[in-house]
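Novice: This is data-v6.txt, which holds compact mmCIF, C-alpha atoms (C1' of nucleotides) and all ligand atoms:
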# COMPACT_ATOMS: atom_id res chain seq x y z
CA MET M 1 14.01 -42.41 20.81
CA ALA M 2 15.14 -39.38 22.73
CA SER M 3 16.66 -39.71 26.17
CA LYS M 4 14.32 -39.40 29.10
CA GLU M 5 15.60 -35.96 29.97
CA THR M 6 15.28 -34.79 26.39
CA GLU M 7 11.69 -35.92 26.38
CA ILE M 8 11.04 -33.96 29.53
CA ILE M 9 12.66 -30.87 28.12
CA ASN M 10 10.47 -31.19 25.08
CA THR M 11 7.34 -31.60 27.14
CA LEU M 12 8.24 -28.49 29.07
CA GLN M 13 9.08 -26.44 26.00
CA THR M 14 5.89 -27.52 24.28
CA GLY M 15 4.01 -25.96 27.17
CA GLY M 16 6.12 -22.80 27.00
CA TYR M 17 8.08 -23.75 30.10
CA ARG M 18 11.83 -23.75 30.59
CA PHE M 19 14.10 -26.45 31.92
CA THR M 20 16.00 -24.51 34.54
CA LYS M 21 18.75 -25.68 36.87
CA GLN M 22 16.25 -25.58 39.71
CA ARG M 23 13.78 -27.77 37.88
CA GLN M 24 16.54 -30.15 36.93
CA ALA M 25 17.65 -30.37 40.55
CA VAL M 26 14.12 -31.05 41.79
CA LEU M 27 13.60 -33.65 39.11
CA GLU M 28 16.81 -35.38 40.09
CA VAL M 29 15.76 -35.65 43.72
CA ILE M 30 12.35 -37.05 42.89
CA SER M 31 13.80 -39.36 40.29
CA GLN M 32 16.42 -40.70 42.65
CA ASN M 33 13.71 -41.41 45.19
CA ARG M 34 11.31 -43.38 43.04
CA GLU M 35 10.50 -45.75 45.85
CA ASN M 36 9.77 -42.92 48.29
CA HIS M 37 6.99 -40.42 48.62
CA LEU M 38 8.74 -37.25 49.64
CA SER M 39 6.91 -34.27 51.00
CA THR M 40 7.60 -30.91 49.41
CA GLY M 41 9.60 -29.92 52.43
CA GLU M 42 11.65 -33.09 52.20
CA ILE M 43 12.30 -32.48 48.53
CA PHE M 44 13.39 -28.96 49.42
CA GLY M 45 15.81 -30.35 51.98
CA GLU M 46 17.31 -32.80 49.53
CA VAL M 47 17.64 -30.29 46.73
CA LYS M 48 19.39 -27.83 48.98
CA LYS M 49 22.24 -30.28 49.49
CA LYS M 50 23.21 -29.88 45.85
CA TYR M 51 21.70 -26.50 45.20
CA PRO M 52 21.77 -24.56 48.47
CA GLN M 53 20.47 -21.31 47.10
CA ILE M 54 17.15 -22.71 45.90
CA GLY M 55 14.03 -21.22 47.46
CA LEU M 56 11.20 -23.15 49.02
CA ALA M 57 8.63 -21.41 46.84
CA THR M 58 10.47 -22.60 43.76
CA VAL M 59 10.19 -26.19 44.92
CA TYR M 60 6.47 -25.77 45.52
CA ARG M 61 6.01 -24.21 42.11
CA THR M 62 8.11 -26.89 40.47
CA VAL M 63 6.36 -29.94 41.86
CA GLN M 64 3.04 -28.42 40.91
CA LEU M 65 4.26 -27.78 37.40
CA PHE M 66 5.62 -31.31 37.17
CA GLU M 67 2.28 -32.67 38.24
CA LYS M 68 0.45 -30.54 35.71
CA ILE M 69 2.51 -31.96 32.87
CA GLY M 70 2.12 -35.51 34.20
CA LEU M 71 5.71 -36.01 35.28
CA VAL M 72 4.91 -36.69 38.91
CA GLN M 73 1.85 -37.62 40.91
CA HIS M 74 1.02 -36.68 44.45
CA ILE M 75 -0.44 -38.59 47.34
CA SER M 76 -1.81 -37.31 50.58
CA LEU M 77 -1.19 -39.33 53.70
CA ASP M 78 -3.58 -37.09 55.62
CA ASP M 79 -0.72 -35.66 57.59
CA GLY M 80 -1.19 -32.24 56.11
CA ARG M 81 1.50 -32.28 53.51
CA MET M 82 1.61 -33.22 49.86
CA ARG M 83 3.99 -35.92 48.75
CA TYR M 84 5.34 -36.42 45.27
CA GLN M 85 6.68 -39.33 43.29
CA MET M 86 7.52 -39.98 39.66
CA ALA M 87 4.46 -40.84 37.61
CA ASP M 88 4.44 -43.93 35.37
CA PRO M 89 5.24 -42.59 31.90
CA GLU M 90 3.51 -45.40 30.06
CA GLU M 91 0.41 -45.60 32.25
CA LYS M 92 -2.53 -43.36 31.57
CA HIS M 93 -3.71 -43.37 35.17
CA GLU M 94 -2.05 -42.85 38.52
CA HIS M 95 -0.83 -45.92 40.34
CA HIS M 96 -2.45 -47.05 43.56
CA HIS M 97 -1.18 -47.07 47.12
CA LEU M 98 -1.45 -49.58 49.91
CA ILE M 99 -0.93 -48.05 53.33
CA CYS M 100 -0.25 -50.26 56.31
CA GLU M 101 -2.17 -49.05 59.33
CA ILE M 102 0.36 -50.65 61.65
CA CYS M 103 3.76 -49.66 60.36
CA GLY M 104 2.77 -46.89 57.96
CA GLU M 105 4.52 -48.38 54.97
CA VAL M 106 3.35 -47.16 51.58
CA ILE M 107 3.33 -49.77 48.84
CA ASP M 108 2.93 -48.90 45.17
CA VAL M 109 0.59 -50.92 42.97
CA GLN M 110 1.06 -50.43 39.26
CA GLU M 111 -1.75 -52.64 38.03
CA ASP M 112 -4.80 -50.58 37.24
CA MET M 113 -7.56 -53.13 37.83
CA LEU M 114 -10.30 -50.54 37.68
CA GLU M 115 -11.39 -51.14 34.10
CA HIS M 116 -14.59 -52.80 35.18
CA LEU M 117 -15.37 -50.00 37.59
CA GLU M 118 -14.67 -47.43 34.89
CA GLN M 119 -17.04 -49.16 32.55
CA HIS M 120 -19.66 -49.34 35.25
CA VAL M 121 -19.67 -45.66 36.06
CA PHE M 122 -19.82 -44.84 32.37
CA LEU M 123 -22.77 -47.11 31.71
CA LYS M 124 -24.56 -46.36 34.95
CA LYS M 125 -23.83 -42.66 35.39
CA GLY M 126 -22.61 -41.48 32.00
CA PHE M 127 -19.30 -40.51 33.61
CA THR M 128 -16.21 -40.65 31.40
CA VAL M 129 -13.14 -41.51 33.46
CA THR M 130 -9.88 -39.70 32.81
CA ASN M 131 -7.98 -40.59 35.97
CA HIS M 132 -8.40 -42.02 39.41
CA ARG M 133 -6.75 -41.99 42.80
CA LEU M 134 -6.96 -45.06 44.99
CA THR M 135 -5.59 -45.50 48.48
CA VAL M 136 -6.06 -48.85 50.18
CA PHE M 137 -5.71 -49.20 53.92
CA GLY M 138 -4.93 -52.41 55.73
CA ILE M 139 -2.22 -54.61 57.17
CA CYS M 140 0.95 -55.33 55.27
CA LYS M 141 2.48 -58.78 54.95
CA ASN M 142 5.18 -58.01 57.48
CA CYS M 143 2.81 -56.75 60.13
CA SER M 144 0.47 -59.70 59.53
CA ASN M 145 3.29 -62.07 60.53
CA HIS M 146 3.78 -60.04 63.67
CA MET D 1 -34.09 -52.07 66.54
CA ALA D 2 -33.15 -48.86 68.25
CA SER D 3 -33.64 -45.52 66.52
CA LYS D 4 -30.73 -44.19 64.56
CA GLU D 5 -29.92 -41.57 67.15
CA THR D 6 -30.12 -44.12 69.95
CA GLU D 7 -27.64 -46.28 68.09
CA ILE D 8 -25.30 -43.35 67.76
CA ILE D 9 -25.59 -42.52 71.43
CA ASN D 10 -24.76 -46.12 72.21
CA THR D 11 -21.78 -46.13 69.92
CA LEU D 12 -20.49 -43.01 71.60
CA GLN D 13 -21.08 -44.27 75.11
CA THR D 14 -19.42 -47.57 74.32
CA GLY D 15 -16.29 -45.60 73.50
CA GLY D 16 -16.60 -43.55 76.67
CA TYR D 17 -17.80 -40.49 74.77
CA ARG D 18 -20.80 -38.29 75.52
CA PHE D 19 -23.59 -37.18 73.28
CA THR D 20 -23.55 -33.46 73.91
CA LYS D 21 -25.75 -30.73 72.44
CA GLN D 22 -22.81 -29.65 70.32
CA ARG D 23 -22.29 -33.11 68.89
CA GLN D 24 -25.99 -33.44 68.28
CA ALA D 25 -26.01 -30.12 66.43
CA VAL D 26 -23.04 -31.09 64.26
CA LEU D 27 -24.59 -34.44 63.51
CA GLU D 28 -27.82 -32.77 62.47
CA VAL D 29 -26.07 -30.51 60.00
CA ILE D 30 -24.12 -33.34 58.40
CA SER D 31 -27.15 -35.58 58.38
CA GLN D 32 -29.32 -32.95 56.74
CA ASN D 33 -26.66 -32.50 54.05
CA ARG D 34 -26.21 -36.09 53.01
CA GLU D 35 -25.90 -35.14 49.38
CA ASN D 36 -23.25 -32.51 50.10
CA HIS D 37 -19.64 -32.66 51.17
CA LEU D 38 -19.32 -29.82 53.61
CA SER D 39 -15.98 -28.51 54.77
CA THR D 40 -15.43 -28.17 58.49
CA GLY D 41 -15.75 -24.42 58.15
CA GLU D 42 -19.03 -24.81 56.32
CA ILE D 43 -20.33 -27.19 58.97
CA PHE D 44 -19.32 -24.63 61.58
CA GLY D 45 -21.27 -21.94 59.72
CA GLU D 46 -24.38 -24.09 59.51
CA VAL D 47 -24.25 -25.21 63.12
CA LYS D 48 -23.90 -21.65 64.33
CA LYS D 49 -27.30 -20.82 62.89
CA LYS D 50 -28.95 -23.06 65.44
CA TYR D 51 -26.27 -23.03 68.06
CA PRO D 52 -24.49 -19.69 67.84
CA GLN D 53 -22.24 -20.16 70.83
CA ILE D 54 -20.48 -23.25 69.47
CA GLY D 55 -16.73 -22.93 68.99
CA LEU D 56 -14.83 -23.80 65.84
CA ALA D 57 -12.48 -26.10 67.73
CA THR D 58 -15.44 -28.10 68.95
CA VAL D 59 -16.58 -28.67 65.38
CA TYR D 60 -13.11 -29.82 64.38
CA ARG D 61 -12.95 -32.14 67.36
CA THR D 62 -16.43 -33.44 66.67
CA VAL D 63 -16.02 -34.35 63.01
CA GLN D 64 -12.78 -36.10 63.85
CA LEU D 65 -14.50 -38.06 66.58
CA PHE D 66 -17.36 -38.92 64.26
CA GLU D 67 -14.93 -40.18 61.70
CA LYS D 68 -13.10 -42.26 64.27
CA ILE D 69 -16.28 -44.08 65.25
CA GLY D 70 -17.26 -44.54 61.60
CA LEU D 71 -20.19 -42.16 61.58
CA VAL D 72 -18.84 -39.93 58.85
CA GLN D 73 -16.17 -40.16 56.18
CA HIS D 74 -14.04 -37.39 54.78
CA ILE D 75 -12.96 -36.56 51.30
CA SER D 76 -10.31 -34.15 50.13
CA LEU D 77 -10.97 -32.14 47.01
CA ASP D 78 -7.38 -30.91 47.08
CA ASP D 79 -8.53 -27.44 47.95
CA GLY D 80 -6.88 -27.59 51.33
CA ARG D 81 -9.85 -28.35 53.48
CA MET D 82 -11.39 -31.55 54.72
CA ARG D 83 -14.96 -32.30 53.84
CA TYR D 84 -17.30 -34.60 55.72
CA GLN D 85 -20.34 -36.63 54.86
CA MET D 86 -22.38 -39.33 56.54
CA ALA D 87 -20.81 -42.76 56.14
CA ASP D 88 -22.86 -45.70 54.95
CA PRO D 89 -23.83 -47.56 58.11
CA GLU D 90 -24.21 -50.93 56.44
CA GLU D 91 -21.11 -50.75 54.22
CA LYS D 92 -17.78 -51.86 55.55
CA HIS D 93 -15.79 -49.55 53.27
CA GLU D 94 -16.04 -45.93 52.30
CA HIS D 95 -18.03 -45.08 49.22
CA HIS D 96 -16.34 -43.73 46.10
CA HIS D 97 -16.43 -40.31 44.48
CA LEU D 98 -16.64 -39.20 40.90
CA ILE D 99 -15.41 -35.66 40.39
CA CYS D 100 -16.22 -33.82 37.19
CA GLU D 101 -13.20 -31.90 35.98
CA ILE D 102 -15.43 -29.44 34.13
CA CYS D 103 -18.17 -28.47 36.56
CA GLY D 104 -16.67 -29.79 39.78
CA GLU D 105 -19.68 -31.87 40.72
CA VAL D 106 -19.04 -34.66 43.21
CA ILE D 107 -21.03 -37.83 42.63
CA ASP D 108 -21.28 -40.59 45.22
CA VAL D 109 -20.90 -44.22 44.20
CA GLN D 110 -22.07 -46.75 46.75
CA GLU D 111 -21.12 -49.92 44.90
CA ASP D 112 -17.78 -51.21 46.13
CA MET D 113 -16.54 -53.04 43.02
CA LEU D 114 -13.05 -53.46 44.44
CA GLU D 115 -13.40 -57.05 45.61
CA HIS D 116 -11.19 -58.33 42.83
CA LEU D 117 -8.55 -55.73 43.54
CA GLU D 118 -8.65 -56.55 47.23
CA GLN D 119 -8.13 -60.20 46.49
CA HIS D 120 -5.29 -59.38 44.15
CA VAL D 121 -3.30 -57.33 46.63
CA PHE D 122 -3.80 -60.00 49.25
CA LEU D 123 -2.60 -62.79 47.00
CA LYS D 124 0.15 -60.79 45.35
CA LYS D 125 1.41 -58.68 48.24
CA GLY D 126 0.01 -60.33 51.35
CA PHE D 127 -1.83 -57.13 52.14
CA THR D 128 -5.10 -57.46 54.06
CA VAL D 129 -7.50 -54.70 53.11
CA THR D 130 -9.54 -52.98 55.78
CA ASN D 131 -10.70 -49.91 53.87
CA HIS D 132 -10.09 -47.92 50.74
CA ARG D 133 -10.55 -44.43 49.37
CA LEU D 134 -11.23 -43.99 45.66
CA THR D 135 -11.65 -40.75 43.79
CA VAL D 136 -12.36 -40.92 40.08
CA PHE D 137 -11.81 -37.91 37.85
CA GLY D 138 -13.49 -37.34 34.52
CA ILE D 139 -16.41 -35.73 32.73
CA CYS D 140 -19.92 -36.02 34.07
CA LYS D 141 -22.92 -36.85 31.94
CA ASN D 142 -24.13 -33.26 31.89
CA CYS D 143 -20.81 -31.82 30.80
CA SER D 144 -20.42 -34.54 28.15
CA ASN D 145 -23.62 -33.30 26.50
CA HIS D 146 -22.18 -29.83 26.50
C1' DT J 1 22.84 -7.13 21.58
C1' DC J 2 18.13 -5.86 22.84
C1' DG J 3 13.50 -6.52 24.54
C1' DG J 4 10.09 -9.29 26.40
C1' DT J 5 8.66 -13.08 29.12
C1' DA J 6 9.43 -16.76 32.36
C1' DA J 7 11.44 -17.99 36.58
C1' DT J 8 13.47 -17.25 40.97
C1' DG J 9 14.27 -16.19 46.02
C1' DA J 10 13.27 -13.86 50.22
C1' DA J 11 9.93 -12.33 52.97
C1' DA J 12 5.33 -11.59 54.20
C1' DA J 13 0.79 -13.32 54.15
C1' DT J 14 -2.79 -16.87 54.22
C1' DC J 15 -5.55 -20.02 56.27
C1' DA J 16 -7.00 -24.61 57.76
C1' DA J 17 -6.11 -27.09 61.64
C1' DT J 18 -4.33 -27.68 66.35
C1' DT J 19 -3.18 -26.54 70.97
C1' DT J 20 -3.65 -24.36 75.35
C1' DC J 21 -6.02 -23.53 79.34
C1' DA J 22 -9.50 -21.86 82.23
C1' DT J 23 -14.30 -23.04 82.68
C1' DT J 24 -18.40 -25.76 82.17
C1' DT J 25 -20.96 -29.98 81.71
C1' DA J 26 -22.13 -34.70 82.31
C1' DC J 27 -21.83 -38.87 84.64
C1' DT J 28 -20.72 -41.69 88.87
C1' DT J 29 -20.39 -42.30 93.58
C1' DT J 30 -21.61 -41.12 98.10
C1' DA Z 1 -29.21 -34.31 96.33
C1' DA Z 2 -24.26 -32.98 96.92
C1' DA Z 3 -19.65 -34.03 95.91
C1' DG Z 4 -16.14 -35.92 93.10
C1' DT Z 5 -14.11 -36.98 88.70
C1' DA Z 6 -13.29 -36.98 83.96
C1' DA Z 7 -14.88 -35.39 79.54
C1' DA Z 8 -16.03 -31.56 76.78
C1' DT Z 9 -16.17 -26.83 75.52
C1' DG Z 10 -14.94 -22.03 73.83
C1' DA Z 11 -11.85 -18.29 73.13
C1' DA Z 12 -7.58 -17.14 71.95
C1' DA Z 13 -3.06 -18.10 70.65
C1' DT Z 14 -0.24 -21.00 67.83
C1' DT Z 15 1.24 -24.02 64.28
C1' DG Z 16 2.75 -25.20 59.89
C1' DA Z 17 2.11 -26.08 55.10
C1' DT Z 18 1.27 -23.53 51.19
C1' DT Z 19 0.68 -19.22 48.61
C1' DT Z 20 1.48 -14.61 47.30
C1' DT Z 21 4.10 -10.52 46.52
C1' DC Z 22 7.59 -8.16 44.41
C1' DA Z 23 12.02 -6.89 43.16
C1' DT Z 24 15.64 -9.23 40.64
C1' DT Z 25 17.68 -12.55 37.44
C1' DA Z 26 17.85 -15.89 33.62
C1' DC Z 27 16.48 -17.26 29.22
C1' DC Z 28 14.92 -16.97 24.41
C1' DG Z 29 13.95 -15.20 20.01
C1' DA Z 30 14.36 -11.27 16.79
MN MN B 201 3.39 -44.24 44.90
MN MN B 202 -19.54 -38.78 49.20
ZN ZN B 203 2.93 -52.88 58.14
ZN ZN B 204 -19.60 -31.83 34.98
Now, as a test, write the supplied structure out as structure tokens.
Specialist:
Amino acid sequence: MASKETEIINTLQTGGYRFTKQRQAVLEVISQNRENHLSTGEIFGEVKKKYPQIGLATVYRTVQLFEKIGLVQHISLDDGRMRYQMADPEEKHEHHHLICEICGEVIDVQEDMLEHLEQHVFLKKGFTVTNHRLTVFGICKNCSNH
Amino acid sequence: MASKETEIINTLQTGGYRFTKQRQAVLEVISQNRENHLSTGEIFGEVKKKYPQIGLATVYRTVQLFEKIGLVQHISLDDGRMRYQMADPEEKHEHHHLICEICGEVIDVQEDMLEHLEQHVFLKKGFTVTNHRLTVFGICKNCSNH
DNA sequence: TCGGTAATGAAAATCAATTTCATTTACTTT
DNA sequence: AAAGTAAATGAAATTGATTTTCATTACCGA
């Protein structure tokens, strides 16, 4: 199998896109922050450390392109800015998020667990599911134990 | 049991809030558009028809207050503006949304169907769920039949 | 190498949402 | 009912993330 980066380059080229230094730099930052959910501005800040001449608009365009080709997924924490994280290459749907209402921690949940719901909306409403976005609010383990 | 509006007035007063003409007007618009998901700007436009002197900031403040006390819930269609709709008074969690990727229709789903998932994240991660927000993307019945 | 297209960066523009602040309104206490 | 107090409002200014514009540069195939 091809290396991960080769795969990405292929995906890009298939869509008529190029794998530029800027895109590589943005990908590196997001990839090296798999556990985080960086805002576009934060990604911009990180990328500039290695690639100071990059423009903010390029970062915006890049994360949107990456999302279009399924490389990253976004979440909104309702603070007015988009956040991006690597998508799960083998999963067909986005992963879920648990958000602690006390400490604000964001926890990833890879298990889908919506198969029954998907079936239900298909049978009941004739709706064919292609993706879903689930955010769960509550209290994390840490905050539960004070 | 008290009338719906009386209940609302009580809920507001319990929190130290007042039931003003402006809040009543905003509530009316949202209530009369239960099937829709109006953006704040759209709510503002509707309210102005009956109450032309209302200010945009008041509408923003009002929908946020209504959401805080559980009267309405918001959804984001990723078009950059918040949309608001009456919440389900008897349900403890927000209802779900199906969004057709072809025609853009937004379909409400009242059934929760996340009990198993809630249990799972509690057992597996120690996370106590208080609410959740689920958006499902796909093809609606109409668009499936061409 | 040449020509065409994609991509970039800097700056300006957009636009939903928020803040400020002077004024009004509603509720409580005399 | 009048006064006192805090909440609420509206108009305007501001914020801040995102988008657009446009001139320039990088890349790719012929
Ligand atoms: Mn995540
Ligand atoms: Mn809805
Ligand atoms: Zn926590
Ligand atoms: Zn449709």
Novice: Can you work out the spacing between atom CA of Ile139 of chain M and atom CA of Thr128 of chain D in Å, to one decimal?
Specialist: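 Spanning atom CA of Ile139 of chain M to atom CA of Thr128 of chain D is a straight-line distance of 5.1 Å.
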Novice: Using all atoms listed in the file, which protein or nucleic acid residues come within 10 Å of Gln32 of chain D? Drop anything in the same chain fewer than 6 positions from it, and give the result as a ChimeraX atom specification.
Specialist: /D:26,85-86
Novice: Within 9 Å of ligand ZN 204 (chain B), which residues of chain D show up? Give each one with its shortest atom-to-atom distance in Å (one decimal) and the two atoms involved, counting only C-alpha atoms and all ligand atoms, rows by chain then rising residue number, as CSV.
Specialist:
residue,atom,partner,partner_atom,distance
D:Ile99,CA,B:ZN204,ZN,7.8
D:Cys100,CA,B:ZN204,ZN,4.5
D:Glu101,CA,B:ZN204,ZN,6.5
D:Ile102,CA,B:ZN204,ZN,4.9
D:Cys103,CA,B:ZN204,ZN,4.0
D:Gly104,CA,B:ZN204,ZN,6.0
D:Glu105,CA,B:ZN204,ZN,5.7
D:Val106,CA,B:ZN204,ZN,8.7
D:Gly138,CA,B:ZN204,ZN,8.2
D:Ile139,CA,B:ZN204,ZN,5.5
D:Cys140,CA,B:ZN204,ZN,4.3
D:Lys141,CA,B:ZN204,ZN,6.7
D:Asn142,CA,B:ZN204,ZN,5.7
D:Cys143,CA,B:ZN204,ZN,4.4
D:Ser144,CA,B:ZN204,ZN,7.4
Novice: Would you kindly identify which residues have an atom no farther than 12 Å from (-26.0, -29.4, 71.9), using all atoms listed in the file and the file's own coordinates, and write them out as a list in words?
Specialist: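 Looking at atoms near the point gives Arg18, Phe19, Thr20, Lys21, Gln22, Arg23, Gln24, Ala25, Val26, Leu27, Glu28, Val29, Val47, Lys48, Lys50, Tyr51, Pro52, Gln53, Ile54, Gly55, Thr58, Val59 and Thr62 of chain D; DT25 of chain J; DA8 and DT9 of chain Z.
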Novice: With a distance threshold of 12 Å and counting only C-alpha atoms (C1' of nucleotides), extract the residues of chain Z near chain M and express them as an MDAnalysis selection string.
Specialist: chainID Z and resid 15:21 26:28
Novice: Can those selected residues be exported to a file as a PDB file, in the frame of the given file so that it contains C-alpha atoms (C1' of nucleotides)?
Specialist:
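Written output follows (selection-v7.pdb):
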ATOM      1  C1'  DT Z  15       1.240 -24.020  64.280  1.00  0.00           C
ATOM      2  C1'  DG Z  16       2.750 -25.200  59.890  1.00  0.00           C
ATOM      3  C1'  DA Z  17       2.110 -26.080  55.100  1.00  0.00           C
ATOM      4  C1'  DT Z  18       1.270 -23.530  51.190  1.00  0.00           C
ATOM      5  C1'  DT Z  19       0.680 -19.220  48.610  1.00  0.00           C
ATOM      6  C1'  DT Z  20       1.480 -14.610  47.300  1.00  0.00           C
ATOM      7  C1'  DT Z  21       4.100 -10.520  46.520  1.00  0.00           C
ATOM      8  C1'  DA Z  26      17.850 -15.890  33.620  1.00  0.00           C
ATOM      9  C1'  DC Z  27      16.480 -17.260  29.220  1.00  0.00           C
ATOM     10  C1'  DC Z  28      14.920 -16.970  24.410  1.00  0.00           C
TER      11       DC Z  28
END
Novice: Hey, which residues sit close to ligand MN 202 (chain B)? Say within 9 Å, counting all atoms listed in the file, and write them as number ranges by chain.
Specialist: D: 34-37, 73-75, 84-87, 94-98, 106-110
Novice: Considering only C-alpha atoms and all ligand atoms, can you say which of D:Lys125, D:His132, D:His146, D:His93 comes closest to ligand ZN 203 (chain B)?
Specialist: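 The answer is D:Lys125, which sits nearest to ligand ZN 203 (chain B).
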Novice: Calculated over only C-alpha atoms and all ligand atoms, which of the candidates M:Asn33, M:Gly45, M:Phe66, M:Asn145 has the smallest distance to ligand ZN 203 (chain B)?
Specialist: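 Among the listed residues, the smallest separation from ligand ZN 203 (chain B) belongs to M:Asn145.
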Novice: Please measure the separation of atom CA of Thr14 of chain D and atom C1' of DT29 of chain J, giving the value in Å to one decimal.
Specialist: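 Separation between atom CA of Thr14 of chain D and atom C1' of DT29 of chain J: 20.0 Å.
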